[in-house]
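Dropping my_file_22.pdb in here (PDB, C-alpha atoms):
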```pdb
ATOM      1  CA  MET A   1       0.000   0.000   0.000
ATOM      2  CA  LYS A   2       1.239   3.433  -0.807
ATOM      3  CA  ARG A   3       1.635   5.014   2.612
ATOM      4  CA  PRO A   4       4.202   5.015   5.456
ATOM      5  CA  LEU A   5       4.003   2.411   8.202
ATOM      6  CA  VAL A   6       5.648   2.111  11.569
ATOM      7  CA  GLY A   7       8.299  -0.496  11.047
ATOM      8  CA  ALA A   8       8.396  -2.790   8.041
ATOM      9  CA  LEU A   9       4.638  -2.857   7.642
ATOM     10  CA  THR A  10       4.515   0.890   7.801
ATOM     11  CA  ALA A  11       6.956   1.202   4.993
ATOM     12  CA  ALA A  12       4.764  -1.035   2.932
ATOM     13  CA  LEU A  13       1.689   1.176   2.863
ATOM     14  CA  LEU A  14       0.521   4.106   0.723
ATOM     15  CA  GLY A  15      -0.942   6.085   3.567
ATOM     16  CA  ALA A  16      -0.625   6.112   7.343
ATOM     17  CA  THR A  17      -2.453   2.919   6.891
ATOM     18  CA  ALA A  18      -2.777   3.149   3.140
ATOM     19  CA  PHE A  19      -1.798   0.557   0.583
ATOM     20  CA  THR A  20       1.159   0.638  -1.696
ATOM     21  CA  GLY A  21       0.243  -2.866  -1.370
ATOM     22  CA  LEU A  22      -1.887  -4.066   1.516
ATOM     23  CA  ALA A  23      -0.849  -3.741   5.115
ATOM     24  CA  THR A  24      -2.430  -3.572   8.522
ATOM     25  CA  THR A  25      -0.516  -0.399   9.128
ATOM     26  CA  PRO A  26       0.823   1.742   6.284
ATOM     27  CA  ALA A  27       4.517   1.480   5.680
ATOM     28  CA  ALA A  28       6.851   4.402   5.389
ATOM     29  CA  ALA A  29       8.433   4.894   2.018
ATOM     30  CA  SER A  30      12.192   4.894   2.148
ATOM     31  CA  ALA A  31      12.488   7.205  -0.823
ATOM     32  CA  PRO A  32      10.198   9.359  -2.934
ATOM     33  CA  ASP A  33       9.969   6.565  -5.487
ATOM     34  CA  ALA A  34       8.964   3.945  -2.949
ATOM     35  CA  ALA A  35       5.409   2.703  -2.987
ATOM     36  CA  PRO A  36       4.255   1.288   0.364
ATOM     37  CA  PHE A  37       1.067  -0.736   0.963
ATOM     38  CA  GLY A  38      -1.522   1.677   0.078
ATOM     39  CA  LYS A  39       0.624   4.409  -1.334
ATOM     40  CA  ALA A  40       1.193   6.214   1.911
ATOM     41  CA  ALA A  41       4.076   8.562   2.505
ATOM     42  CA  PRO A  42       6.887   8.164   4.990
ATOM     43  CA  THR A  43       6.133  10.152   8.089
ATOM     44  CA  SER A  44       9.541  11.797   7.863
ATOM     45  CA  ALA A  45       9.319  12.687   4.192
ATOM     46  CA  ALA A  46       8.810  16.252   3.069
ATOM     47  CA  PRO A  47       6.293  16.843   0.268
ATOM     48  CA  ALA A  48       7.904  17.130  -3.124
ATOM     49  CA  GLN A  49       7.845  20.170  -5.353
ATOM     50  CA  VAL A  50       4.600  20.822  -7.187
ATOM     51  CA  GLU A  51       4.663  19.476 -10.705
ATOM     52  CA  LYS A  52       2.515  21.179 -13.282
ATOM     53  CA  ALA A  53      -0.169  18.796 -14.451
ATOM     54  CA  PRO A  54      -0.971  18.386 -18.130
ATOM     55  CA  GLN A  55      -3.335  21.101 -19.264
ATOM     56  CA  ALA A  56      -6.205  18.677 -19.808
ATOM     57  CA  ALA A  57      -5.756  16.923 -16.484
ATOM     58  CA  PRO A  58      -7.756  17.730 -13.345
ATOM     59  CA  ASP A  59      -6.207  20.296 -10.998
ATOM     60  CA  PHE A  60      -5.687  20.131  -7.218
ATOM     61  CA  ALA A  61      -8.837  21.943  -6.066
ATOM     62  CA  GLY A  62     -10.492  19.760  -3.426
ATOM     63  CA  ALA A  63      -7.477  17.510  -2.874
ATOM     64  CA  VAL A  64      -6.288  17.158   0.724
ATOM     65  CA  ALA A  65      -3.093  16.054   2.444
ATOM     66  CA  LEU A  66      -3.130  13.757   5.473
ATOM     67  CA  SER A  67      -0.214  13.144   7.823
ATOM     68  CA  ASN A  68       0.821  10.099   5.799
ATOM     69  CA  CYS A  69      -1.504   9.888   2.818
ATOM     70  CA  SER A  70      -3.600  11.794   0.323
ATOM     71  CA  GLY A  71      -7.355  12.306   0.108
ATOM     72  CA  SER A  72     -10.094  14.517  -1.264
ATOM     73  CA  LEU A  73     -13.105  16.587  -0.266
ATOM     74  CA  VAL A  74     -16.060  14.733  -1.817
ATOM     75  CA  ARG A  75     -19.816  14.627  -2.100
ATOM     76  CA  VAL A  76     -22.346  12.109  -3.429
ATOM     77  CA  PRO A  77     -25.344  12.970  -5.641
ATOM     78  CA  GLN A  78     -27.683  13.294  -2.638
ATOM     79  CA  SER A  79     -25.351  15.540  -0.587
ATOM     80  CA  GLN A  80     -26.706  18.989   0.258
ATOM     81  CA  PRO A  81     -24.739  22.268   0.636
ATOM     82  CA  THR A  82     -25.601  22.403   4.341
ATOM     83  CA  ASP A  83     -24.497  18.812   5.044
ATOM     84  CA  PRO A  84     -21.285  18.147   6.982
ATOM     85  CA  ALA A  85     -18.617  17.688   4.319
ATOM     86  CA  LEU A  86     -16.883  14.346   3.693
ATOM     87  CA  VAL A  87     -13.220  13.494   3.075
ATOM     88  CA  LEU A  88     -12.301  10.322   1.176
ATOM     89  CA  SER A  89      -9.052   8.373   1.651
ATOM     90  CA  ASN A  90      -7.867   4.768   2.171
ATOM     91  CA  GLY A  91      -8.753   2.397   4.970
ATOM     92  CA  HIS A  92      -5.063   1.616   5.371
ATOM     93  CA  CYS A  93      -4.353   5.296   6.130
ATOM     94  CA  LEU A  94      -6.121   5.228   9.495
ATOM     95  CA  GLN A  95      -4.154   6.703  12.400
ATOM     96  CA  SER A  96      -5.030   3.620  14.462
ATOM     97  CA  GLY A  97      -3.467   1.271  11.930
ATOM     98  CA  MET A  98      -4.832  -0.850   9.133
ATOM     99  CA  PRO A  99      -8.129  -2.636   9.706
ATOM    100  CA  SER A 100      -7.799  -6.403   9.850
ATOM    101  CA  PRO A 101      -9.295  -8.527   7.066
ATOM    102  CA  GLY A 102     -13.036  -8.627   7.666
ATOM    103  CA  GLU A 103     -12.995  -5.567   9.943
ATOM    104  CA  VAL A 104     -15.369  -2.665   9.222
ATOM    105  CA  VAL A 105     -15.311   0.565  11.228
ATOM    106  CA  VAL A 106     -18.499   2.656  11.324
ATOM    107  CA  ASP A 107     -19.313   6.001  12.973
ATOM    108  CA  GLN A 108     -16.419   6.440  15.376
ATOM    109  CA  PRO A 109     -15.204   9.740  16.896
ATOM    110  CA  SER A 110     -12.239  11.323  15.106
ATOM    111  CA  SER A 111     -10.191  14.496  15.509
ATOM    112  CA  ARG A 112      -8.116  14.044  12.353
ATOM    113  CA  SER A 113      -7.101  17.132  10.374
ATOM    114  CA  PHE A 114      -6.565  17.597   6.630
ATOM    115  CA  THR A 115      -4.811  20.291   4.603
ATOM    116  CA  LEU A 116      -7.086  21.542   1.822
ATOM    117  CA  LEU A 117      -5.519  22.566  -1.502
ATOM    118  CA  ASP A 118      -6.642  25.001  -4.188
ATOM    119  CA  ALA A 119      -6.334  24.461  -7.948
ATOM    120  CA  SER A 120      -2.635  25.419  -7.923
ATOM    121  CA  ALA A 121      -1.819  23.114  -4.987
ATOM    122  CA  ASN A 122      -1.541  25.964  -2.483
ATOM    123  CA  ASP A 123      -2.543  25.152   1.121
ATOM    124  CA  VAL A 124      -5.716  27.146   1.787
ATOM    125  CA  ALA A 125      -7.216  25.694   4.975
ATOM    126  CA  THR A 126      -7.079  23.048   7.673
ATOM    127  CA  LEU A 127     -10.199  20.900   7.759
ATOM    128  CA  ASN A 128     -11.123  18.968  10.896
ATOM    129  CA  ALA A 129     -13.016  15.700  11.245
ATOM    130  CA  THR A 130     -15.509  14.935  13.986
ATOM    131  CA  ARG A 131     -16.300  11.354  12.931
ATOM    132  CA  LEU A 132     -14.746   8.475  11.046
ATOM    133  CA  SER A 133     -17.917   7.628   9.154
ATOM    134  CA  TYR A 134     -16.663   4.430   7.525
ATOM    135  CA  ALA A 135     -13.454   2.498   6.959
ATOM    136  CA  THR A 136     -12.476  -0.961   5.792
ATOM    137  CA  MET A 137      -9.848  -2.907   3.882
ATOM    138  CA  THR A 138     -12.224  -5.742   3.062
ATOM    139  CA  ASP A 139     -13.284  -5.999  -0.620
ATOM    140  CA  THR A 140     -11.980  -2.430  -1.027
ATOM    141  CA  ASP A 141      -9.662   0.026   0.766
ATOM    142  CA  VAL A 142     -11.595   3.119   1.774
ATOM    143  CA  SER A 143     -12.167   5.590   4.582
ATOM    144  CA  LEU A 144     -14.705   8.417   4.854
ATOM    145  CA  TYR A 145     -14.472  11.205   7.428
ATOM    146  CA  GLU A 146     -17.236  13.627   8.448
ATOM    147  CA  LEU A 147     -16.014  17.193   8.986
ATOM    148  CA  ASP A 148     -17.082  19.915  11.422
ATOM    149  CA  SER A 149     -17.812  22.253   8.491
ATOM    150  CA  THR A 150     -20.368  22.096   5.675
ATOM    151  CA  TYR A 151     -19.733  22.271   1.940
ATOM    152  CA  GLN A 152     -21.362  25.689   1.945
ATOM    153  CA  GLU A 153     -19.042  26.964   4.671
ATOM    154  CA  ILE A 154     -15.932  25.604   2.953
ATOM    155  CA  GLU A 155     -16.853  27.181  -0.375
ATOM    156  CA  SER A 156     -17.800  30.497   1.234
ATOM    157  CA  GLN A 157     -14.622  30.730   3.314
ATOM    158  CA  HIS A 158     -12.080  29.153   0.972
ATOM    159  CA  GLY A 159     -13.618  29.091  -2.512
ATOM    160  CA  ILE A 160     -13.253  25.319  -2.871
ATOM    161  CA  GLN A 161     -16.007  22.982  -4.037
ATOM    162  CA  PRO A 162     -15.981  19.218  -3.387
ATOM    163  CA  LEU A 163     -15.313  16.605  -6.026
ATOM    164  CA  ASP A 164     -18.318  14.523  -7.094
ATOM    165  CA  ILE A 165     -18.171  10.750  -6.632
ATOM    166  CA  ALA A 166     -19.507   9.134  -9.804
ATOM    167  CA  ALA A 167     -22.566   6.949  -9.229
ATOM    168  CA  GLY A 168     -21.711   4.395 -11.907
ATOM    169  CA  HIS A 169     -19.043   1.792 -12.633
ATOM    170  CA  PRO A 170     -16.197   3.264 -14.734
ATOM    171  CA  THR A 171     -15.124   1.749 -18.052
ATOM    172  CA  ALA A 172     -11.813   0.413 -19.292
ATOM    173  CA  GLY A 173      -9.913   2.815 -21.511
ATOM    174  CA  THR A 174     -11.064   5.898 -19.569
ATOM    175  CA  ALA A 175      -8.411   8.608 -19.248
ATOM    176  CA  ILE A 176      -7.796   9.266 -15.540
ATOM    177  CA  THR A 177      -5.622  11.345 -13.241
ATOM    178  CA  VAL A 178      -4.498  10.365  -9.745
ATOM    179  CA  VAL A 179      -4.247  13.607  -7.731
ATOM    180  CA  SER A 180      -1.952  13.426  -4.702
ATOM    181  CA  GLY A 181      -2.511  16.088  -2.071
ATOM    182  CA  TYR A 182       0.447  14.810  -0.057
ATOM    183  CA  TRP A 183       3.024  15.201  -2.822
ATOM    184  CA  LYS A 184       1.130  17.937  -4.724
ATOM    185  CA  ARG A 185       1.643  15.871  -7.833
ATOM    186  CA  THR A 186      -0.561  14.237 -10.443
ATOM    187  CA  TYR A 187      -0.250  10.971 -12.390
ATOM    188  CA  SER A 188      -2.094  10.581 -15.691
ATOM    189  CA  CYS A 189      -2.861   7.322 -17.491
ATOM    190  CA  ASP A 190      -5.848   5.174 -18.510
ATOM    191  CA  ILE A 191      -7.898   2.500 -16.787
ATOM    192  CA  ASP A 192      -6.322  -0.644 -18.220
ATOM    193  CA  ALA A 193      -8.770  -3.210 -16.834
ATOM    194  CA  PHE A 194     -10.659  -4.372 -13.760
ATOM    195  CA  VAL A 195      -9.212  -7.124 -11.561
ATOM    196  CA  HIS A 196     -11.532  -9.836 -10.252
ATOM    197  CA  GLU A 197      -9.600 -10.100  -6.970
ATOM    198  CA  LEU A 198      -6.447  -8.348  -5.844
ATOM    199  CA  HIS A 199      -4.653 -10.181  -3.005
ATOM    200  CA  GLU A 200      -2.098  -8.484  -0.772
ATOM    201  CA  ALA A 201      -0.859 -10.142   2.381
ATOM    202  CA  GLY A 202      -4.130 -11.112   4.150
ATOM    203  CA  TRP A 203      -6.357  -8.617   2.339
ATOM    204  CA  VAL A 204      -8.576  -9.242  -0.683
ATOM    205  CA  MET A 205      -9.929  -6.383  -2.819
ATOM    206  CA  LYS A 206     -12.549  -6.965  -5.496
ATOM    207  CA  ASP A 207     -13.094  -5.386  -8.926
ATOM    208  CA  SER A 208      -9.974  -3.251  -8.503
ATOM    209  CA  ILE A 209      -8.914  -0.663 -11.067
ATOM    210  CA  ARG A 210      -5.650  -1.540 -12.826
ATOM    211  CA  TYR A 211      -3.795   1.432 -14.314
ATOM    212  CA  THR A 212      -1.788   1.496 -17.514
ATOM    213  CA  PRO A 213       1.966   1.729 -16.742
ATOM    214  CA  GLU A 214       2.125   5.538 -16.971
ATOM    215  CA  CYS A 215       0.644   5.954 -13.481
ATOM    216  CA  GLU A 216       3.809   5.293 -11.468
ATOM    217  CA  THR A 217       2.312   6.211  -8.094
ATOM    218  CA  ILE A 218       4.567   6.278  -5.031
ATOM    219  CA  GLY A 219       4.354   6.130  -1.245
ATOM    220  CA  GLY A 220       2.188   8.999   0.036
ATOM    221  CA  THR A 221      -0.229   8.815  -2.886
ATOM    222  CA  SER A 222      -2.433   6.377  -0.977
ATOM    223  CA  GLY A 223      -5.947   7.747  -0.741
ATOM    224  CA  SER A 224      -5.599  10.029  -3.766
ATOM    225  CA  PRO A 225      -8.786  10.421  -5.795
ATOM    226  CA  ILE A 226      -8.845   8.781  -9.217
ATOM    227  CA  VAL A 227     -10.492  11.406 -11.407
ATOM    228  CA  ASN A 228     -12.169  10.833 -14.778
ATOM    229  CA  ASN A 229     -10.505  13.451 -16.989
ATOM    230  CA  ALA A 230     -13.609  13.934 -19.138
ATOM    231  CA  THR A 231     -16.161  14.417 -16.345
ATOM    232  CA  GLY A 232     -14.061  15.557 -13.380
ATOM    233  CA  GLU A 233     -15.783  12.928 -11.226
ATOM    234  CA  VAL A 234     -14.072  10.629  -8.755
ATOM    235  CA  VAL A 235     -14.251   7.009  -9.915
ATOM    236  CA  GLY A 236     -11.887   5.476  -7.395
ATOM    237  CA  VAL A 237      -9.256   5.875  -4.719
ATOM    238  CA  ASN A 238      -5.579   5.041  -5.309
ATOM    239  CA  ASN A 239      -4.229   2.405  -2.961
ATOM    240  CA  THR A 240      -1.491  -0.054  -3.932
ATOM    241  CA  GLY A 241       0.988  -1.443  -6.402
ATOM    242  CA  ASN A 242       3.358  -4.341  -6.989
ATOM    243  CA  THR A 243       6.769  -2.980  -6.071
ATOM    244  CA  ASN A 244       9.227  -5.886  -6.219
ATOM    245  CA  GLY A 245       7.504  -8.607  -8.215
ATOM    246  CA  GLY A 246       6.490 -10.601  -5.139
ATOM    247  CA  GLU A 247       3.381 -12.761  -5.261
ATOM    248  CA  CYS A 248       0.467 -11.686  -3.056
ATOM    249  CA  THR A 249       2.705 -10.225  -0.324
ATOM    250  CA  MET A 250       2.757  -6.803   1.343
ATOM    251  CA  ASN A 251       3.403  -4.108  -1.254
ATOM    252  CA  ASN A 252       3.294  -6.835  -3.899
ATOM    253  CA  PRO A 253      -0.381  -7.517  -4.631
ATOM    254  CA  CYS A 254      -1.243 -10.215  -7.145
ATOM    255  CA  GLU A 255      -4.238 -10.611  -9.430
ATOM    256  CA  VAL A 256      -6.484 -13.653  -9.001
ATOM    257  CA  ASP A 257      -9.054 -14.379 -11.730
ATOM    258  CA  GLU A 258     -12.380 -16.216 -11.554
ATOM    259  CA  ASN A 259     -10.584 -19.545 -12.053
ATOM    260  CA  GLY A 260      -8.062 -18.929  -9.292
ATOM    261  CA  GLU A 261      -5.186 -18.235 -11.692
ATOM    262  CA  VAL A 262      -2.608 -15.868 -10.179
ATOM    263  CA  THR A 263      -0.872 -13.129 -12.183
ATOM    264  CA  VAL A 264       1.909 -10.854 -10.930
ATOM    265  CA  ARG A 265       2.504  -7.523 -12.668
ATOM    266  CA  GLN A 266       5.604  -5.888 -11.225
ATOM    267  CA  GLY A 267       5.530  -2.088 -11.376
ATOM    268  CA  ILE A 268       1.778  -1.902 -12.006
ATOM    269  CA  ASN A 269      -0.426   0.103  -9.643
ATOM    270  CA  TYR A 270      -4.060  -0.131  -8.615
ATOM    271  CA  GLY A 271      -7.010   1.680  -7.102
ATOM    272  CA  GLN A 272     -10.414   0.816  -5.663
ATOM    273  CA  GLN A 273     -13.741   1.857  -7.155
ATOM    274  CA  THR A 274     -15.933   4.281  -5.215
ATOM    275  CA  TYR A 275     -19.336   4.215  -6.933
ATOM    276  CA  LYS A 276     -20.769   1.871  -4.287
ATOM    277  CA  ILE A 277     -20.378   4.614  -1.679
ATOM    278  CA  THR A 278     -23.132   6.610  -3.376
ATOM    279  CA  GLU A 279     -25.711   3.942  -2.504
ATOM    280  CA  CYS A 280     -24.830   3.957   1.191
ATOM    281  CA  VAL A 281     -25.240   7.639   2.127
ATOM    282  CA  THR A 282     -28.498   8.926   3.562
ATOM    283  CA  THR A 283     -29.850  12.268   4.817
ATOM    284  CA  GLY A 284     -27.210  14.508   6.338
ATOM    285  CA  ASN A 285     -24.352  12.658   4.609
ATOM    286  CA  LYS A 286     -24.624   9.803   7.111
ATOM    287  CA  ILE A 287     -23.506   6.286   6.202
ATOM    288  CA  ASP A 288     -26.364   3.775   6.347
ATOM    289  CA  LEU A 289     -25.268   0.271   5.381
ATOM    290  CA  GLY A 290     -28.877  -0.909   5.558
ATOM    291  CA  LEU A 291     -30.036   1.179   2.605
ATOM    292  CA  PRO A 292     -31.478  -0.734  -0.374
ATOM    293  CA  GLY A 293     -28.716  -1.202  -2.902
ATOM    294  CA  CYS A 294     -25.880  -0.574  -0.442
ATOM    295  CA  GLU A 295     -23.178  -3.177  -1.071
ATOM    296  CA  LEU A 296     -20.318  -1.890   1.085
ATOM    297  CA  PRO A 297     -18.983  -4.480   3.555
ATOM    298  CA  ARG A 298     -20.770  -4.454   6.936
ATOM    299  CA  PRO A 299     -19.387  -5.117  10.419
TER     300      PRO A 299
END
```
Take the structure in this file and express it as structure tokens.
Amino acid sequence: MKRPLVGALTAALLGATAFTGLATTPAAASAPDAAPFGKAAPTSAAPAQVEKAPQAAPDFAGAVALSNCSGSLVRVPQSQPTDPALVLSNGHCLQSGMPSPGEVVVDQPSSRSFTLLDASANDVATLNATRLSYATMTDTDVSLYELDSTYQEIESQHGIQPLDIAAGHPTAGTAITVVSGYWKRTYSCDIDAFVHELHEAGWVMKDSIRYTPECETIGGTSGSPIVNNATGEVVGVNNTGNTNGGECTMNNPCEVDENGEVTVRQGINYGQQTYKITECVTTGNKIDLGLPGCELPRP
């Protein structure tokens, strides 16, 4: 997973608990080009210089930086301007460490803070969470935080609107950009294909997004939104990649097809789809796993 972890596991993740591959606690990247489980960043690393994104690519408005990962200010189709805003990142980026396989965290207190960026990747505000609305590394790798400010307040005070989470399954061949708030850097490529199951250490993720090789995401990019270049909508969240060619180990996820055949793609990175979140949010931006059509894992 692409985030920093405490110890060896920490170095394997993309975020504090994010994937560069999967890990119970995000691993710290040893160098800017390292990609821990869940692409989390090393806690001691300093964000890199801003790189100008291609003109057609999404900008940084709405991206956020966590202590060890990336994330984004998001809304679903039913979100209202006066609702508490939501921040999306990876489950492996949690401050408490990576959730165990099968573990689902719902509606827990949180005091986590996030640095909000504008279109040019300037820091414009510190956002504060009151709740960890949802987090898991089972079937996916996602976390959602509820903030103490509304979308309306954030736009009025800082001029930043949230990114929209697409309500439908993305398609292969779509041009995408992974926007890292931690590194203030973007990665542009296409959706190559969807992976039946992605196995990393003890975690299993389903219907994962495989990128074409151009998206060479690194540690600290865990939790970055995957943005559809044509629509500007979030279609997934960046989380892991096969760093050393290992088979199904931490920071070396493997693909497993419907027949159980295992494929290793060294140097290829992955993300998790987010459209299912849109079916699990009710009035006031609250997570309700009992809603008709909600397919997110339950406790």
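With only C-alpha atoms as the atoms that count, the residue of A:Asn128, A:Ser100, A:Thr150, A:Thr186 with the shortest distance to Ala85 (chain A) is A:Thr150.
Comparing A:Gln161, A:Asn242, A:Asn269, A:Ser89 by their smallest distance to Ser143 (chain A), the closest is A:Ser89 (using all atoms listed in the file).
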I need every residue sitting at most 12 Å from the point (-13.8, 6.3, -12.4) (coordinates as in the file, only C-alpha atoms considered), written as a tab-separated table (two decimals) with C-alpha atoms, in the coordinates of the input.
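Heads up, here's the output in part24.tsv:
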```
chain	number	residue	atom	x	y	z
A	164	ASP	CA	-18.32	14.52	-7.09
A	165	ILE	CA	-18.17	10.75	-6.63
A	166	ALA	CA	-19.51	9.13	-9.80
A	167	ALA	CA	-22.57	6.95	-9.23
A	168	GLY	CA	-21.71	4.39	-11.91
A	169	HIS	CA	-19.04	1.79	-12.63
A	170	PRO	CA	-16.20	3.26	-14.73
A	171	THR	CA	-15.12	1.75	-18.05
A	172	ALA	CA	-11.81	0.41	-19.29
A	173	GLY	CA	-9.91	2.82	-21.51
A	174	THR	CA	-11.06	5.90	-19.57
A	175	ALA	CA	-8.41	8.61	-19.25
A	176	ILE	CA	-7.80	9.27	-15.54
A	177	THR	CA	-5.62	11.34	-13.24
A	178	VAL	CA	-4.50	10.36	-9.74
A	190	ASP	CA	-5.85	5.17	-18.51
A	191	ILE	CA	-7.90	2.50	-16.79
A	192	ASP	CA	-6.32	-0.64	-18.22
A	193	ALA	CA	-8.77	-3.21	-16.83
A	194	PHE	CA	-10.66	-4.37	-13.76
A	208	SER	CA	-9.97	-3.25	-8.50
A	209	ILE	CA	-8.91	-0.66	-11.07
A	210	ARG	CA	-5.65	-1.54	-12.83
A	211	TYR	CA	-3.80	1.43	-14.31
A	225	PRO	CA	-8.79	10.42	-5.80
A	226	ILE	CA	-8.85	8.78	-9.22
A	227	VAL	CA	-10.49	11.41	-11.41
A	228	ASN	CA	-12.17	10.83	-14.78
A	229	ASN	CA	-10.50	13.45	-16.99
A	230	ALA	CA	-13.61	13.93	-19.14
A	231	THR	CA	-16.16	14.42	-16.34
A	232	GLY	CA	-14.06	15.56	-13.38
A	233	GLU	CA	-15.78	12.93	-11.23
A	234	VAL	CA	-14.07	10.63	-8.76
A	235	VAL	CA	-14.25	7.01	-9.91
A	236	GLY	CA	-11.89	5.48	-7.40
A	237	VAL	CA	-9.26	5.88	-4.72
A	238	ASN	CA	-5.58	5.04	-5.31
A	271	GLY	CA	-7.01	1.68	-7.10
A	272	GLN	CA	-10.41	0.82	-5.66
A	273	GLN	CA	-13.74	1.86	-7.16
A	274	THR	CA	-15.93	4.28	-5.22
A	275	TYR	CA	-19.34	4.22	-6.93
A	276	LYS	CA	-20.77	1.87	-4.29
```
Margin query: Calculated over only C-alpha atoms, which of the candidates A:Asn68, A:Ala125, A:Thr212, A:Ile268 has the smallest distance to Gly97 (chain A)?
Written below: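 Selected residue with least distance to Gly97 (chain A): A:Asn68.
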Next item on the list: Could you pull out every residue with an atom within 6 Å of (-9.8, 11.2, -1.9), file coordinates, counting all atoms listed in the file, and send them as a PyMOL selection string?
Entry: chain A and resi 71-72+88-89+223-225
Note to self: So the first atom is CA of Trp203 (chain A) and the second is CA of Ser110 (chain A); what is the distance between them in Å, to one decimal place?
What the structure shows: 24.4 Å
Checklist line | Nearest-residue call for Ala63 (chain A), choices A:Asp123, A:Asp139, A:Glu255, A:Glu146, using all atoms listed in the file | finding: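 Of A:Asp123, A:Asp139, A:Glu255, A:Glu146, the one nearest Ala63 (chain A), counting all atoms listed in the file, is A:Asp123.
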Could you add the missing atoms to region 216-229 of chain A, up to N, CA, C and O atoms, and return them as a JSON list (two decimals), in the frame of the given file?
```
[["chain", "number", "residue", "atom", "x", "y", "z"],
["A", 216, "GLU", "N", 2.78, 5.85, -12.34],
["A", 216, "GLU", "CA", 3.81, 5.29, -11.47],
["A", 216, "GLU", "C", 3.69, 5.92, -10.09],
["A", 216, "GLU", "O", 4.56, 6.65, -9.62],
["A", 217, "THR", "N", 2.58, 5.63, -9.41],
["A", 217, "THR", "CA", 2.31, 6.21, -8.09],
["A", 217, "THR", "C", 3.31, 5.73, -7.06],
["A", 217, "THR", "O", 3.87, 4.64, -7.17],
["A", 218, "ILE", "N", 3.54, 6.55, -6.03],
["A", 218, "ILE", "CA", 4.57, 6.28, -5.03],
["A", 218, "ILE", "C", 3.98, 6.35, -3.63],
["A", 218, "ILE", "O", 2.81, 6.72, -3.45],
["A", 219, "GLY", "N", 4.79, 6.03, -2.63],
["A", 219, "GLY", "CA", 4.35, 6.13, -1.25],
["A", 219, "GLY", "C", 3.91, 7.54, -0.92],
["A", 219, "GLY", "O", 4.57, 8.51, -1.27],
["A", 220, "GLY", "N", 2.75, 7.69, -0.25],
["A", 220, "GLY", "CA", 2.19, 9.00, 0.04],
["A", 220, "GLY", "C", 1.03, 9.34, -0.87],
["A", 220, "GLY", "O", 0.24, 10.24, -0.59],
["A", 221, "THR", "N", 0.91, 8.60, -1.99],
["A", 221, "THR", "CA", -0.23, 8.82, -2.89],
["A", 221, "THR", "C", -1.43, 7.98, -2.48],
["A", 221, "THR", "O", -2.49, 8.07, -3.10],
["A", 222, "SER", "N", -1.30, 7.16, -1.45],
["A", 222, "SER", "CA", -2.43, 6.38, -0.98],
["A", 222, "SER", "C", -3.58, 7.31, -0.64],
["A", 222, "SER", "O", -3.39, 8.35, -0.01],
["A", 223, "GLY", "N", -4.77, 6.94, -1.06],
["A", 223, "GLY", "CA", -5.95, 7.75, -0.74],
["A", 223, "GLY", "C", -6.25, 8.83, -1.75],
["A", 223, "GLY", "O", -7.28, 9.50, -1.66],
["A", 224, "SER", "N", -5.36, 9.01, -2.73],
["A", 224, "SER", "CA", -5.60, 10.03, -3.77],
["A", 224, "SER", "C", -6.84, 9.69, -4.58],
["A", 224, "SER", "O", -7.07, 8.52, -4.91],
["A", 225, "PRO", "N", -7.64, 10.70, -4.93],
["A", 225, "PRO", "CA", -8.79, 10.42, -5.80],
["A", 225, "PRO", "C", -8.34, 10.05, -7.20],
["A", 225, "PRO", "O", -7.35, 10.59, -7.71],
["A", 226, "ILE", "N", -9.04, 9.12, -7.81],
["A", 226, "ILE", "CA", -8.85, 8.78, -9.22],
["A", 226, "ILE", "C", -9.93, 9.52, -9.97],
["A", 226, "ILE", "O", -11.12, 9.24, -9.81],
["A", 227, "VAL", "N", -9.54, 10.51, -10.78],
["A", 227, "VAL", "CA", -10.49, 11.41, -11.41],
["A", 227, "VAL", "C", -10.63, 11.10, -12.89],
["A", 227, "VAL", "O", -9.63, 10.98, -13.61],
["A", 228, "ASN", "N", -11.87, 10.98, -13.36],
["A", 228, "ASN", "CA", -12.17, 10.83, -14.78],
["A", 228, "ASN", "C", -11.87, 12.17, -15.46],
["A", 228, "ASN", "O", -12.49, 13.18, -15.15],
["A", 229, "ASN", "N", -10.91, 12.19, -16.37],
["A", 229, "ASN", "CA", -10.50, 13.45, -16.99],
["A", 229, "ASN", "C", -11.65, 14.14, -17.73],
["A", 229, "ASN", "O", -11.71, 15.37, -17.77]]
```
